[in-house]
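J.: Take a look at the following structure, please.
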Amino acid sequence: MTIVNALVTTIDDIYDIYGTLEELELFTAVVDSWDVNRLDELPEYMRLCFLILYNEINGIGCDILKHKNIDVIPFLKKSWADLC
C-alpha cells in the first residue's frame, strides 16, 4: 500500500505543480487508454510515473487474480483514470 500512497502523492504533485496544461491533458489521455505504447507522447518525468503506475497496478491486479480468482484490473484502471 505504501507504493499506492506514493503514487497518489506524486501524481497529485504533477497535476498541482509540475505539469503544463498540455502535458496534463496528454498524461490523462495515456492513463485513460492504459497503453504503454503511448509513452512517447509524454515528457520523461511523466513516462516514469506512468510506467511505475502501470506496473504496480497490473501487479496488484495479477496478485488478486492469482489468489482470489477475481479480475480487478479493469476496476483499478478506471479508479486511476478517474483520479487523473
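Here, A, B, ... name the chains of the C-alpha cells in the order displayed, residue numbers run from 1 inside each chain, and ligands are numbered from 1 in the same displayed order.
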If you count only C-alpha atoms, which residues fall within 12 Å of range 26-35 of chain A, apart from same-chain ones fewer than 5 positions away, as a PDB file with N, CA and C atoms, in the first residue's frame?

T.:
```pdb
ATOM      1  N   ILE A  11       1.421  11.843  -8.336  1.00  0.00           N
ATOM      2  CA  ILE A  11       0.513  12.276  -9.400  1.00  0.00           C
ATOM      3  C   ILE A  11      -0.180  13.578  -9.019  1.00  0.00           C
ATOM      4  N   ILE A  14       2.260  16.269  -9.719  1.00  0.00           N
ATOM      5  CA  ILE A  14       2.370  16.507 -11.162  1.00  0.00           C
ATOM      6  C   ILE A  14       1.246  17.425 -11.619  1.00  0.00           C
ATOM      7  N   TYR A  15       0.030  17.158 -11.171  1.00  0.00           N
ATOM      8  CA  TYR A  15      -1.111  17.978 -11.577  1.00  0.00           C
ATOM      9  C   TYR A  15      -1.080  19.364 -10.940  1.00  0.00           C
ATOM     10  N   GLY A  19       3.154  19.881 -14.060  1.00  0.00           N
ATOM     11  CA  GLY A  19       2.670  19.723 -15.427  1.00  0.00           C
ATOM     12  C   GLY A  19       2.065  20.975 -16.016  1.00  0.00           C
ATOM     13  N   THR A  20       2.329  21.184 -17.315  1.00  0.00           N
ATOM     14  CA  THR A  20       1.617  22.222 -18.048  1.00  0.00           C
ATOM     15  C   THR A  20       0.250  21.658 -18.438  1.00  0.00           C
ATOM     16  N   LEU A  21      -0.637  22.514 -18.864  1.00  0.00           N
ATOM     17  CA  LEU A  21      -1.972  22.057 -19.257  1.00  0.00           C
ATOM     18  C   LEU A  21      -1.877  21.015 -20.374  1.00  0.00           C
ATOM     19  N   ASP A  40       5.728   7.684 -25.657  1.00  0.00           N
ATOM     20  CA  ASP A  40       6.497   8.694 -26.394  1.00  0.00           C
ATOM     21  C   ASP A  40       5.799  10.048 -26.437  1.00  0.00           C
ATOM     22  N   GLU A  41       4.515  10.073 -26.167  1.00  0.00           N
ATOM     23  CA  GLU A  41       3.769  11.328 -26.157  1.00  0.00           C
ATOM     24  C   GLU A  41       4.049  12.152 -24.900  1.00  0.00           C
ATOM     25  N   LEU A  42       4.591  11.504 -23.880  1.00  0.00           N
ATOM     26  CA  LEU A  42       4.760  12.148 -22.575  1.00  0.00           C
ATOM     27  C   LEU A  42       6.175  12.671 -22.370  1.00  0.00           C
ATOM     28  N   PRO A  43       6.305  13.730 -21.535  1.00  0.00           N
ATOM     29  CA  PRO A  43       7.644  14.139 -21.110  1.00  0.00           C
ATOM     30  C   PRO A  43       8.272  13.031 -20.259  1.00  0.00           C
ATOM     31  N   GLU A  44       9.583  13.029 -20.159  1.00  0.00           N
ATOM     32  CA  GLU A  44      10.321  11.960 -19.479  1.00  0.00           C
ATOM     33  C   GLU A  44       9.807  11.705 -18.061  1.00  0.00           C
ATOM     34  N   TYR A  45       9.598  12.766 -17.266  1.00  0.00           N
ATOM     35  CA  TYR A  45       9.181  12.561 -15.875  1.00  0.00           C
ATOM     36  C   TYR A  45       7.799  11.920 -15.777  1.00  0.00           C
ATOM     37  N   MET A  46       6.940  12.177 -16.747  1.00  0.00           N
ATOM     38  CA  MET A  46       5.622  11.553 -16.753  1.00  0.00           C
ATOM     39  C   MET A  46       5.692  10.106 -17.226  1.00  0.00           C
ATOM     40  N   ARG A  47       6.634   9.817 -18.116  1.00  0.00           N
ATOM     41  CA  ARG A  47       6.814   8.435 -18.577  1.00  0.00           C
ATOM     42  C   ARG A  47       7.137   7.527 -17.406  1.00  0.00           C
ATOM     43  N   LEU A  48       8.081   7.955 -16.604  1.00  0.00           N
ATOM     44  CA  LEU A  48       8.486   7.162 -15.445  1.00  0.00           C
ATOM     45  C   LEU A  48       7.314   6.961 -14.489  1.00  0.00           C
ATOM     46  N   CYS A  49       6.588   8.026 -14.225  1.00  0.00           N
ATOM     47  CA  CYS A  49       5.440   7.940 -13.319  1.00  0.00           C
ATOM     48  C   CYS A  49       4.395   6.969 -13.871  1.00  0.00           C
ATOM     49  N   PHE A  50       4.077   7.083 -15.167  1.00  0.00           N
ATOM     50  CA  PHE A  50       3.079   6.184 -15.738  1.00  0.00           C
ATOM     51  C   PHE A  50       3.552   4.737 -15.725  1.00  0.00           C
ATOM     52  N   LEU A  51       4.824   4.501 -16.051  1.00  0.00           N
ATOM     53  CA  LEU A  51       5.333   3.125 -16.053  1.00  0.00           C
ATOM     54  C   LEU A  51       5.264   2.493 -14.672  1.00  0.00           C
ATOM     55  N   ILE A  52       5.600   3.259 -13.655  1.00  0.00           N
ATOM     56  CA  ILE A  52       5.506   2.740 -12.287  1.00  0.00           C
ATOM     57  C   ILE A  52       4.047   2.454 -11.945  1.00  0.00           C
ATOM     58  N   LEU A  53       3.166   3.396 -12.263  1.00  0.00           N
ATOM     59  CA  LEU A  53       1.734   3.201 -12.022  1.00  0.00           C
ATOM     60  C   LEU A  53       1.232   1.954 -12.755  1.00  0.00           C
ATOM     61  N   TYR A  54       1.550   1.846 -14.018  1.00  0.00           N
ATOM     62  CA  TYR A  54       1.116   0.723 -14.852  1.00  0.00           C
ATOM     63  C   TYR A  54       1.589  -0.611 -14.271  1.00  0.00           C
ATOM     64  N   ASN A  55       2.862  -0.689 -13.951  1.00  0.00           N
ATOM     65  CA  ASN A  55       3.425  -1.938 -13.430  1.00  0.00           C
ATOM     66  C   ASN A  55       2.859  -2.304 -12.064  1.00  0.00           C
ATOM     67  N   ILE A  57      -0.062  -1.322 -10.605  1.00  0.00           N
ATOM     68  CA  ILE A  57      -1.490  -1.644 -10.655  1.00  0.00           C
ATOM     69  C   ILE A  57      -1.711  -3.001 -11.318  1.00  0.00           C
ATOM     70  N   ASN A  58      -1.003  -3.270 -12.397  1.00  0.00           N
ATOM     71  CA  ASN A  58      -1.129  -4.586 -13.029  1.00  0.00           C
ATOM     72  C   ASN A  58      -0.613  -5.684 -12.112  1.00  0.00           C
ATOM     73  N   ILE A  73      -8.357  -5.728 -12.390  1.00  0.00           N
ATOM     74  CA  ILE A  73      -7.567  -4.757 -13.151  1.00  0.00           C
ATOM     75  C   ILE A  73      -8.442  -3.710 -13.844  1.00  0.00           C
ATOM     76  N   PRO A  74      -9.557  -4.079 -14.494  1.00  0.00           N
ATOM     77  CA  PRO A  74     -10.387  -3.034 -15.112  1.00  0.00           C
ATOM     78  C   PRO A  74     -10.897  -2.002 -14.095  1.00  0.00           C
ATOM     79  N   LEU A  76      -9.379  -1.209 -11.204  1.00  0.00           N
ATOM     80  CA  LEU A  76      -8.229  -0.419 -10.764  1.00  0.00           C
ATOM     81  C   LEU A  76      -7.859   0.625 -11.816  1.00  0.00           C
ATOM     82  N   LYS A  77      -7.869   0.223 -13.084  1.00  0.00           N
ATOM     83  CA  LYS A  77      -7.560   1.171 -14.163  1.00  0.00           C
ATOM     84  C   LYS A  77      -8.562   2.322 -14.167  1.00  0.00           C
ATOM     85  N   LYS A  78      -9.834   1.999 -14.020  1.00  0.00           N
ATOM     86  CA  LYS A  78     -10.864   3.048 -14.016  1.00  0.00           C
ATOM     87  C   LYS A  78     -10.700   3.973 -12.825  1.00  0.00           C
ATOM     88  N   SER A  79     -10.369   3.414 -11.676  1.00  0.00           N
ATOM     89  CA  SER A  79     -10.166   4.240 -10.481  1.00  0.00           C
ATOM     90  C   SER A  79      -9.033   5.235 -10.688  1.00  0.00           C
ATOM     91  N   TRP A  80      -7.938   4.781 -11.275  1.00  0.00           N
ATOM     92  CA  TRP A  80      -6.813   5.687 -11.533  1.00  0.00           C
ATOM     93  C   TRP A  80      -7.166   6.694 -12.618  1.00  0.00           C
ATOM     94  N   ALA A  81      -7.892   6.276 -13.639  1.00  0.00           N
ATOM     95  CA  ALA A  81      -8.309   7.213 -14.681  1.00  0.00           C
ATOM     96  C   ALA A  81      -9.214   8.289 -14.092  1.00  0.00           C
ATOM     97  N   ASP A  82     -10.107   7.902 -13.192  1.00  0.00           N
ATOM     98  CA  ASP A  82     -10.981   8.878 -12.536  1.00  0.00           C
ATOM     99  C   ASP A  82     -10.183   9.843 -11.668  1.00  0.00           C
ATOM    100  N   LEU A  83      -9.132   9.345 -11.041  1.00  0.00           N
ATOM    101  CA  LEU A  83      -8.291  10.190 -10.199  1.00  0.00           C
ATOM    102  C   LEU A  83      -7.540  11.222 -11.033  1.00  0.00           C
ATOM    103  N   CYS A  84      -7.118  10.804 -12.224  1.00  0.00           N
ATOM    104  CA  CYS A  84      -6.364  11.721 -13.088  1.00  0.00           C
ATOM    105  C   CYS A  84      -7.304  12.637 -13.842  1.00  0.00           C
TER     106      CYS A  84
END
```

J.: Which of chain A end up as alpha helix (DSSP H) when DSSP is run on this backbone - answer as a ChimeraX atom specification?

T.: /A:2-13,21-33,44-68,73-83

J.: Those same residues - C-alpha atoms - I'd like them written as a PDB file, in the first residue's frame.

T.:
```pdb
ATOM      1  CA  THR A   2       2.942   2.337   0.511  1.00  0.00           C
ATOM      2  CA  ILE A   3       3.598   2.475  -3.221  1.00  0.00           C
ATOM      3  CA  VAL A   4      -0.038   3.408  -3.883  1.00  0.00           C
ATOM      4  CA  ASN A   5       0.189   6.297  -1.414  1.00  0.00           C
ATOM      5  CA  ALA A   6       3.442   7.434  -3.015  1.00  0.00           C
ATOM      6  CA  LEU A   7       1.830   7.297  -6.460  1.00  0.00           C
ATOM      7  CA  VAL A   8      -1.176   9.332  -5.326  1.00  0.00           C
ATOM      8  CA  THR A   9       1.133  11.976  -3.864  1.00  0.00           C
ATOM      9  CA  THR A  10       3.378  12.043  -6.932  1.00  0.00           C
ATOM     10  CA  ILE A  11       0.513  12.276  -9.400  1.00  0.00           C
ATOM     11  CA  ASP A  12      -1.128  14.978  -7.296  1.00  0.00           C
ATOM     12  CA  ASP A  13       2.120  16.971  -7.403  1.00  0.00           C
ATOM     13  CA  LEU A  21      -1.972  22.057 -19.257  1.00  0.00           C
ATOM     14  CA  GLU A  22      -0.886  20.329 -22.476  1.00  0.00           C
ATOM     15  CA  GLU A  23       1.247  17.780 -20.595  1.00  0.00           C
ATOM     16  CA  LEU A  24      -1.561  17.063 -18.149  1.00  0.00           C
ATOM     17  CA  GLU A  25      -4.055  16.503 -20.950  1.00  0.00           C
ATOM     18  CA  LEU A  26      -1.632  14.014 -22.531  1.00  0.00           C
ATOM     19  CA  PHE A  27      -0.973  12.276 -19.213  1.00  0.00           C
ATOM     20  CA  THR A  28      -4.707  11.974 -18.571  1.00  0.00           C
ATOM     21  CA  ALA A  29      -5.246  10.523 -22.052  1.00  0.00           C
ATOM     22  CA  VAL A  30      -2.462   7.969 -21.582  1.00  0.00           C
ATOM     23  CA  VAL A  31      -3.826   6.891 -18.186  1.00  0.00           C
ATOM     24  CA  ASP A  32      -7.337   6.661 -19.668  1.00  0.00           C
ATOM     25  CA  SER A  33      -6.085   4.466 -22.509  1.00  0.00           C
ATOM     26  CA  GLU A  44      10.321  11.960 -19.479  1.00  0.00           C
ATOM     27  CA  TYR A  45       9.181  12.561 -15.875  1.00  0.00           C
ATOM     28  CA  MET A  46       5.622  11.553 -16.753  1.00  0.00           C
ATOM     29  CA  ARG A  47       6.814   8.435 -18.577  1.00  0.00           C
ATOM     30  CA  LEU A  48       8.486   7.162 -15.445  1.00  0.00           C
ATOM     31  CA  CYS A  49       5.440   7.940 -13.319  1.00  0.00           C
ATOM     32  CA  PHE A  50       3.079   6.184 -15.738  1.00  0.00           C
ATOM     33  CA  LEU A  51       5.333   3.125 -16.053  1.00  0.00           C
ATOM     34  CA  ILE A  52       5.506   2.740 -12.287  1.00  0.00           C
ATOM     35  CA  LEU A  53       1.734   3.201 -12.022  1.00  0.00           C
ATOM     36  CA  TYR A  54       1.116   0.723 -14.852  1.00  0.00           C
ATOM     37  CA  ASN A  55       3.425  -1.938 -13.430  1.00  0.00           C
ATOM     38  CA  GLU A  56       2.224  -1.614  -9.834  1.00  0.00           C
ATOM     39  CA  ILE A  57      -1.490  -1.644 -10.655  1.00  0.00           C
ATOM     40  CA  ASN A  58      -1.129  -4.586 -13.029  1.00  0.00           C
ATOM     41  CA  GLY A  59       0.970  -6.396 -10.407  1.00  0.00           C
ATOM     42  CA  ILE A  60      -1.642  -5.821  -7.706  1.00  0.00           C
ATOM     43  CA  GLY A  61      -4.369  -6.968 -10.089  1.00  0.00           C
ATOM     44  CA  CYS A  62      -2.436 -10.114 -11.035  1.00  0.00           C
ATOM     45  CA  ASP A  63      -1.866 -10.983  -7.371  1.00  0.00           C
ATOM     46  CA  ILE A  64      -5.574 -10.649  -6.630  1.00  0.00           C
ATOM     47  CA  LEU A  65      -6.457 -12.716  -9.710  1.00  0.00           C
ATOM     48  CA  LYS A  66      -3.992 -15.407  -8.674  1.00  0.00           C
ATOM     49  CA  HIS A  67      -5.132 -15.619  -5.040  1.00  0.00           C
ATOM     50  CA  LYS A  68      -8.833 -14.754  -5.276  1.00  0.00           C
ATOM     51  CA  ILE A  73      -7.567  -4.757 -13.151  1.00  0.00           C
ATOM     52  CA  PRO A  74     -10.387  -3.034 -15.112  1.00  0.00           C
ATOM     53  CA  PHE A  75     -11.696  -1.528 -11.866  1.00  0.00           C
ATOM     54  CA  LEU A  76      -8.229  -0.419 -10.764  1.00  0.00           C
ATOM     55  CA  LYS A  77      -7.560   1.171 -14.163  1.00  0.00           C
ATOM     56  CA  LYS A  78     -10.864   3.048 -14.016  1.00  0.00           C
ATOM     57  CA  SER A  79     -10.166   4.240 -10.481  1.00  0.00           C
ATOM     58  CA  TRP A  80      -6.813   5.687 -11.533  1.00  0.00           C
ATOM     59  CA  ALA A  81      -8.309   7.213 -14.681  1.00  0.00           C
ATOM     60  CA  ASP A  82     -10.981   8.878 -12.536  1.00  0.00           C
ATOM     61  CA  LEU A  83      -8.291  10.190 -10.199  1.00  0.00           C
TER      62      LEU A  83
END
```
